[in-house]
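Engineer: Compact mmCIF, C-alpha atoms, file run_20.txt:
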```
# COMPACT_ATOMS: atom_id res chain seq x y z
CA MET B 1374 -49.09 -98.30 79.05
CA ARG B 1375 -52.84 -97.83 79.01
CA GLY B 1376 -54.05 -94.36 78.27
CA VAL B 1377 -56.08 -92.00 80.42
CA ILE B 1378 -59.47 -90.91 79.08
CA PHE B 1379 -60.06 -87.17 79.41
CA VAL B 1380 -63.73 -86.21 79.35
CA VAL B 1381 -64.63 -82.56 78.79
CA SER B 1382 -68.26 -81.50 79.25
CA SER B 1383 -70.18 -78.25 79.43
CA PRO B 1384 -73.61 -76.75 78.94
CA THR B 1385 -74.34 -75.72 75.36
CA GLY B 1386 -72.11 -72.95 74.05
CA ALA B 1387 -69.59 -72.90 76.92
CA GLY B 1388 -66.70 -73.85 74.65
CA LYS B 1389 -65.79 -77.51 75.21
CA THR B 1390 -65.31 -78.30 71.51
CA THR B 1391 -63.19 -75.20 70.86
CA ILE B 1392 -60.99 -75.89 73.90
CA CYS B 1393 -60.49 -79.54 72.96
CA SER B 1394 -59.58 -78.61 69.39
CA ALA B 1395 -56.98 -76.16 70.70
CA ILE B 1396 -55.49 -78.79 73.02
CA LYS B 1397 -55.25 -81.30 70.19
CA SER B 1398 -53.28 -78.81 68.11
CA ARG B 1399 -50.67 -78.27 70.84
CA ARG B 1400 -50.25 -81.79 72.26
CA SER B 1401 -49.11 -84.90 70.40
CA ASP B 1402 -50.02 -87.31 73.21
CA VAL B 1403 -53.79 -86.72 73.16
CA GLU B 1404 -56.29 -87.33 70.41
CA ARG B 1405 -59.84 -86.08 70.28
CA VAL B 1406 -62.37 -88.90 69.87
CA ILE B 1407 -64.86 -87.91 67.21
CA THR B 1408 -68.43 -88.70 68.19
CA HIS B 1409 -71.49 -89.55 66.09
CA THR B 1410 -74.56 -87.31 65.99
CA THR B 1411 -77.89 -87.21 64.18
CA ARG B 1412 -78.10 -83.43 64.12
CA LYS B 1413 -77.32 -81.50 60.96
CA PRO B 1414 -73.88 -79.90 60.54
CA ARG B 1415 -73.66 -76.24 61.53
CA GLU B 1416 -71.88 -73.72 59.38
CA GLY B 1417 -68.19 -74.59 59.11
CA GLU B 1418 -68.51 -78.08 60.61
CA ARG B 1419 -67.07 -81.01 58.65
CA ASP B 1420 -68.01 -84.68 58.72
CA GLY B 1421 -65.26 -86.80 60.24
CA VAL B 1422 -63.59 -83.74 61.75
CA ASP B 1423 -66.12 -82.15 64.11
CA TYR B 1424 -68.56 -85.09 64.23
CA TYR B 1425 -69.62 -88.10 62.23
CA PHE B 1426 -72.98 -86.89 60.96
CA VAL B 1427 -75.42 -89.77 60.44
CA ASP B 1428 -79.19 -90.18 60.14
CA VAL B 1429 -81.36 -91.54 62.94
CA ASP B 1430 -81.74 -94.98 61.38
CA THR B 1431 -77.95 -95.40 61.05
CA PHE B 1432 -77.42 -94.29 64.64
CA LYS B 1433 -80.09 -96.64 65.99
CA ASP B 1434 -78.63 -99.52 63.98
CA LYS B 1435 -75.21 -98.94 65.56
CA LEU B 1436 -76.89 -98.67 68.96
CA LYS B 1437 -78.69 -101.97 68.44
CA LYS B 1438 -75.40 -103.64 67.50
CA GLY B 1439 -73.83 -102.39 70.74
CA GLU B 1440 -71.25 -100.22 69.00
CA PHE B 1441 -71.52 -97.26 71.39
CA VAL B 1442 -69.54 -96.85 74.60
CA GLU B 1443 -71.90 -94.05 75.57
CA TYR B 1444 -74.76 -92.18 73.99
CA ALA B 1445 -77.29 -89.57 74.94
CA VAL B 1446 -80.22 -87.66 73.50
CA VAL B 1447 -79.61 -83.91 73.69
CA HIS B 1448 -82.05 -81.31 72.35
CA GLY B 1449 -83.81 -84.08 70.44
CA HIS B 1450 -80.65 -85.34 68.71
CA TYR B 1451 -78.62 -88.47 69.34
CA TYR B 1452 -74.94 -88.20 70.27
CA GLY B 1453 -72.64 -91.15 70.90
CA THR B 1454 -69.07 -92.44 71.07
CA THR B 1455 -68.36 -95.75 69.38
CA LYS B 1456 -66.07 -98.36 70.87
CA GLY B 1457 -64.17 -98.37 67.60
CA ALA B 1458 -63.42 -94.64 67.73
CA LEU B 1459 -62.23 -94.89 71.34
CA ASN B 1460 -60.12 -98.00 70.71
CA ASP B 1461 -58.53 -96.39 67.65
CA VAL B 1462 -57.10 -93.67 69.89
CA ILE B 1463 -56.08 -96.05 72.70
CA ASN B 1464 -54.37 -98.42 70.26
CA SER B 1465 -52.44 -95.51 68.78
CA GLY B 1466 -50.77 -95.04 72.18
CA LYS B 1467 -52.44 -91.69 72.80
CA HIS B 1468 -54.82 -90.49 75.49
CA PRO B 1469 -58.43 -90.15 74.30
CA LEU B 1470 -59.99 -86.69 74.63
CA LEU B 1471 -63.78 -86.69 74.63
CA ALA B 1472 -65.87 -83.54 74.23
CA ILE B 1473 -69.29 -84.85 75.21
CA ASP B 1474 -72.41 -83.82 77.09
CA VAL B 1475 -72.83 -84.34 80.83
CA GLN B 1476 -75.07 -87.37 80.43
CA GLY B 1477 -72.50 -89.12 78.26
CA ALA B 1478 -69.67 -88.11 80.59
CA ARG B 1479 -71.40 -89.84 83.49
CA ASN B 1480 -71.63 -93.04 81.45
CA VAL B 1481 -67.92 -92.97 80.64
CA MET B 1482 -66.99 -92.24 84.28
CA ASN B 1483 -69.10 -95.19 85.42
CA THR B 1484 -67.62 -97.55 82.81
CA PHE B 1485 -63.87 -96.90 82.81
CA ASP B 1486 -61.34 -96.72 85.63
CA ARG B 1487 -58.86 -94.22 84.19
CA VAL B 1488 -61.02 -91.19 83.54
CA VAL B 1489 -60.35 -87.53 84.33
CA SER B 1490 -63.46 -85.37 84.00
CA ILE B 1491 -63.47 -81.62 83.38
CA PHE B 1492 -66.48 -79.32 83.39
CA ILE B 1493 -66.38 -76.06 81.41
CA LEU B 1494 -68.37 -73.05 82.69
CA PRO B 1495 -69.05 -69.75 80.92
CA PRO B 1496 -67.87 -66.68 82.88
CA SER B 1497 -71.35 -65.13 83.19
CA PHE B 1498 -74.89 -65.59 81.94
CA ASP B 1499 -74.80 -62.51 79.70
CA GLU B 1500 -71.50 -63.51 78.08
CA TRP B 1501 -72.78 -67.06 77.69
CA ILE B 1502 -75.90 -65.93 75.82
CA ARG B 1503 -73.83 -63.61 73.63
CA ARG B 1504 -71.53 -66.48 72.63
CA ILE B 1505 -74.44 -68.76 71.84
CA GLN B 1506 -76.03 -66.12 69.64
CA ASN B 1507 -72.76 -65.41 67.85
CA ASP B 1508 -72.31 -69.15 67.30
CA LYS B 1509 -75.70 -69.38 65.55
CA LYS B 1510 -77.16 -71.70 68.18
CA ARG B 1511 -80.28 -69.62 68.77
CA ASP B 1512 -82.60 -72.46 67.76
CA ASN B 1513 -84.57 -74.03 70.61
CA MET B 1514 -83.04 -71.71 73.22
CA VAL B 1515 -85.67 -72.58 75.83
CA VAL B 1516 -84.95 -76.30 75.38
CA ARG B 1517 -81.21 -75.60 75.56
CA MET B 1518 -81.56 -73.62 78.79
CA LYS B 1519 -83.69 -76.34 80.38
CA THR B 1520 -81.00 -78.89 79.55
CA ALA B 1521 -78.28 -76.53 80.80
CA LEU B 1522 -80.11 -76.13 84.11
CA LYS B 1523 -79.91 -79.89 84.68
CA GLU B 1524 -76.30 -80.07 83.54
CA LEU B 1525 -75.17 -77.30 85.88
CA GLY B 1526 -76.53 -79.37 88.76
CA GLU B 1527 -74.06 -82.14 87.86
CA LEU B 1528 -70.93 -80.02 88.35
CA GLU B 1529 -69.86 -81.67 91.61
CA VAL B 1530 -69.44 -85.12 90.05
CA PHE B 1531 -66.55 -83.81 87.92
CA ASP B 1532 -62.89 -83.82 88.94
CA TYR B 1533 -62.07 -80.32 87.69
CA CYS B 1534 -63.83 -77.16 86.60
CA ILE B 1535 -62.58 -74.47 84.21
CA VAL B 1536 -64.28 -71.09 83.81
CA ASN B 1537 -63.90 -70.22 80.13
CA ASP B 1538 -63.45 -66.46 80.43
CA ARG B 1539 -60.45 -66.16 78.10
CA LEU B 1540 -59.93 -69.01 75.66
CA ASN B 1541 -56.13 -69.12 75.86
CA GLU B 1542 -56.26 -69.32 79.68
CA ALA B 1543 -58.91 -72.06 79.57
CA VAL B 1544 -56.80 -74.05 77.13
CA GLU B 1545 -53.74 -73.65 79.36
CA SER B 1546 -55.76 -74.81 82.39
CA LEU B 1547 -56.82 -77.97 80.56
CA ASN B 1548 -53.22 -78.53 79.46
CA GLU B 1549 -52.06 -78.34 83.09
CA ILE B 1550 -54.80 -80.76 84.18
CA ILE B 1551 -53.63 -83.27 81.58
CA ASP B 1552 -50.00 -82.89 82.66
CA SER B 1553 -50.78 -83.41 86.34
CA SER B 1554 -53.09 -86.36 85.64
CA LEU B 1555 -50.34 -88.18 83.76
CA LEU B 1556 -48.25 -88.13 86.96
CA ARG B 1557 -50.91 -89.73 89.17
CA MET B 1558 -49.76 -92.79 91.09
CA SER B 1559 -53.26 -94.27 91.00
CA PHE B 1560 -53.11 -94.34 87.19
CA PHE B 1561 -49.50 -95.35 86.64
CA ALA B 1562 -48.43 -97.11 89.86
CA ASP B 1563 -46.87 -100.04 87.95
CA LYS B 1564 -44.73 -97.70 85.87
CA TYR B 1565 -43.47 -95.57 88.75
CA LEU B 1566 -43.01 -98.47 91.19
CA LYS B 1567 -40.84 -100.27 88.65
CA VAL B 1568 -38.64 -97.20 88.31
CA ALA B 1569 -38.40 -96.96 92.10
CA ASP B 1570 -37.59 -100.69 92.43
CA ASP B 1571 -34.82 -100.44 89.85
CA LEU B 1572 -33.36 -97.46 91.71
CA ARG B 1573 -33.52 -99.31 95.05
CA ILE B 1574 -31.56 -102.21 93.57
CA ARG B 1575 -28.86 -99.85 92.31
CA VAL B 1576 -28.74 -98.01 95.65
CA LYS B 1577 -28.24 -101.31 97.53
CA GLU B 1578 -25.43 -102.28 95.15
CA TYR B 1579 -23.81 -98.92 95.70
CA LEU B 1580 -24.02 -99.20 99.48
CA GLU B 1581 -22.66 -102.74 99.51
CA VAL B 1582 -19.61 -101.55 97.63
CA ASN B 1583 -19.08 -98.26 99.41
CA ASP B 1584 -20.41 -98.99 102.90
CA GLY B 1585 -19.66 -102.69 103.24
CA SER B 1586 -23.14 -103.52 104.52
CA ILE B 1587 -25.81 -105.81 103.09
CA TYR B 1588 -29.16 -104.08 102.70
CA THR B 1589 -32.42 -105.96 102.31
```
Give the structure from the file, written as structure tokens.
Structural biologist:
Amino acid sequence: MRGVIFVVSSPTGAGKTTICSAIKSRRSDVERVITHTTRKPREGERDGVDYYFVDVDTFKDKLKKGEFVEYAVVHGHYYGTTKGALNDVINSGKHPLLAIDVQGARNVMNTFDRVVSIFILPPSFDEWIRRIQNDKKRDNMVVRMKTALKELGELEVFDYCIVNDRLNEAVESLNEIIDSSLLRMSFFADKYLKVADDLRIRVKEYLEVNDGSIYT
């Protein structure tokens, strides 16, 4: 059974990475796809856990070789998801979970047919700024806000939106979105139709025995 790709995007500092990390810790059927970036690690971030941190030349070499499913330049830094990282998750039988920017999310939505997209919003401007400052992302704030202004205009292309007021509630909302998406007929029609066909066969056999009629 092919997996569903879950894409989570947000303006800077709205909490997409934190929410995705929390989901990964509570679900065994999803796996966060770790992306590559050319920016420097922030305090507490680890290579191969939060991102694959590479230099610009390495990133461009991978780009030239066609290794990226999607990539984008955000705040002057390259971010991208390699085909290998995505396939590693799919081949493991899990559903890929991507925490990527809006530009990258659009690329994934335009490339794959089983994608559920979720946009994360902060609860208010003041709270948003406070979180950014507490998260030591005060560098290039004007550039970040200009990018955020564009990203907020893309909200309507996403399937779902979560307002990240309280983290535990936002995580639960994403969990419910994943659960409901894994029941969608448009994603798993073959699976559910086979179950229904098997049941129909058994029902016909039952009726032939107990009702004496032949059902076609």
Engineer: Enter the distance from CA of Ile1463 (chain B) to CA of Leu1525 (chain B), in Å, rounded to one decimal.
Structural biologist: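 Those two atoms sit 29.8 Å apart.
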Engineer: For a test of reading the model, state the distance in Å between CA of Thr1391 (chain B) and CA of Phe1485 (chain B), rounded to one decimal.
Structural biologist: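 Between CA of Thr1391 (chain B) and CA of Phe1485 (chain B) the gap is 24.8 Å.
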Engineer: Which of these, B:Ile1551, B:Val1488, B:Met1482, B:Ile1407, has the shortest distance to Tyr1452 (chain B) once you count only C-alpha atoms?
Structural biologist: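 Counting only C-alpha atoms, the residue closest to Tyr1452 (chain B) is B:Ile1407.
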Engineer: In Å, how far is it from CA of His1409 (chain B) to CA of Glu1529 (chain B)?
Structural biologist: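 Those two atoms sit 26.8 Å apart.
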Engineer: Against region 1514-1517 of chain B, which residues of region 1436-1508 of chain B fall within 12 Å? For each one I want the closest pair of atoms and the distance in Å (one decimal), counting only C-alpha atoms, rows by chain and increasing residue number, as JSON lines.
Structural biologist:
```
{"residue": "B:Val1447", "atom": "CA", "partner": "B:Arg1517", "partner_atom": "CA", "distance": 8.7}
{"residue": "B:His1448", "atom": "CA", "partner": "B:Val1516", "partner_atom": "CA", "distance": 6.5}
{"residue": "B:Gly1449", "atom": "CA", "partner": "B:Val1516", "partner_atom": "CA", "distance": 9.3}
{"residue": "B:His1450", "atom": "CA", "partner": "B:Arg1517", "partner_atom": "CA", "distance": 11.9}
{"residue": "B:Ile1502", "atom": "CA", "partner": "B:Met1514", "partner_atom": "CA", "distance": 9.5}
{"residue": "B:Ile1505", "atom": "CA", "partner": "B:Met1514", "partner_atom": "CA", "distance": 9.2}
{"residue": "B:Gln1506", "atom": "CA", "partner": "B:Met1514", "partner_atom": "CA", "distance": 9.7}
```
Engineer: Find the residues near Asn1460 (chain B): any atom within 12 Å, counting only C-alpha atoms, skip ones fewer than 4 places away on the same chain, and give them as a ChimeraX atom specification.
Structural biologist: /B:1375-1376,1378,1404-1407,1440-1442,1454-1456,1464-1470
Engineer: Just to be explicit: take each residue in the selection above, keep C-alpha atoms, and write the result as a CSV table (one decimal), in the frame of the given file.
Structural biologist:
```
chain,number,residue,atom,x,y,z
B,1375,ARG,CA,-52.8,-97.8,79.0
B,1376,GLY,CA,-54.0,-94.4,78.3
B,1378,ILE,CA,-59.5,-90.9,79.1
B,1404,GLU,CA,-56.3,-87.3,70.4
B,1405,ARG,CA,-59.8,-86.1,70.3
B,1406,VAL,CA,-62.4,-88.9,69.9
B,1407,ILE,CA,-64.9,-87.9,67.2
B,1440,GLU,CA,-71.2,-100.2,69.0
B,1441,PHE,CA,-71.5,-97.3,71.4
B,1442,VAL,CA,-69.5,-96.8,74.6
B,1454,THR,CA,-69.1,-92.4,71.1
B,1455,THR,CA,-68.4,-95.8,69.4
B,1456,LYS,CA,-66.1,-98.4,70.9
B,1464,ASN,CA,-54.4,-98.4,70.3
B,1465,SER,CA,-52.4,-95.5,68.8
B,1466,GLY,CA,-50.8,-95.0,72.2
B,1467,LYS,CA,-52.4,-91.7,72.8
B,1468,HIS,CA,-54.8,-90.5,75.5
B,1469,PRO,CA,-58.4,-90.2,74.3
B,1470,LEU,CA,-60.0,-86.7,74.6
```
Engineer: Of the residues B:Gly1585, B:Gly1477, B:Gly1417, B:Gly1388, which is the one nearest to Asp1538 (chain B), using all atoms listed in the file?
Structural biologist: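 Among B:Gly1585, B:Gly1477, B:Gly1417, B:Gly1388, it is B:Gly1388 that comes nearest to Asp1538 (chain B).
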Engineer: Kindly indicate which residue among B:Leu1566, B:Val1377, B:Ala1395, B:Ala1387 lies nearest to Asp1499 (chain B), using only C-alpha atoms for the distances.
Structural biologist: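 Closest to Asp1499 (chain B) of all the choices is B:Ala1387.
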Engineer: My list of candidates is B:Asp1420, B:Glu1443, B:Asp1563, B:Asp1402. Which is closest to Val1481 (chain B) when distances are computed with all atoms listed in the file?
Structural biologist: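 The shortest atom-to-atom distance to Val1481 (chain B) comes from B:Glu1443.
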Engineer: Name all residues at most 9 Å from Ile1396 (chain B) (count all atoms listed in the file; drop same-chain ones fewer than 4 positions away) and give them as a list in words.
Structural biologist: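 Listed by chain and then number, they are Thr1391, Ile1392, Arg1400, Val1403, Glu1404, Arg1405, Val1544, Glu1545, Leu1547 and Asn1548 of chain B.
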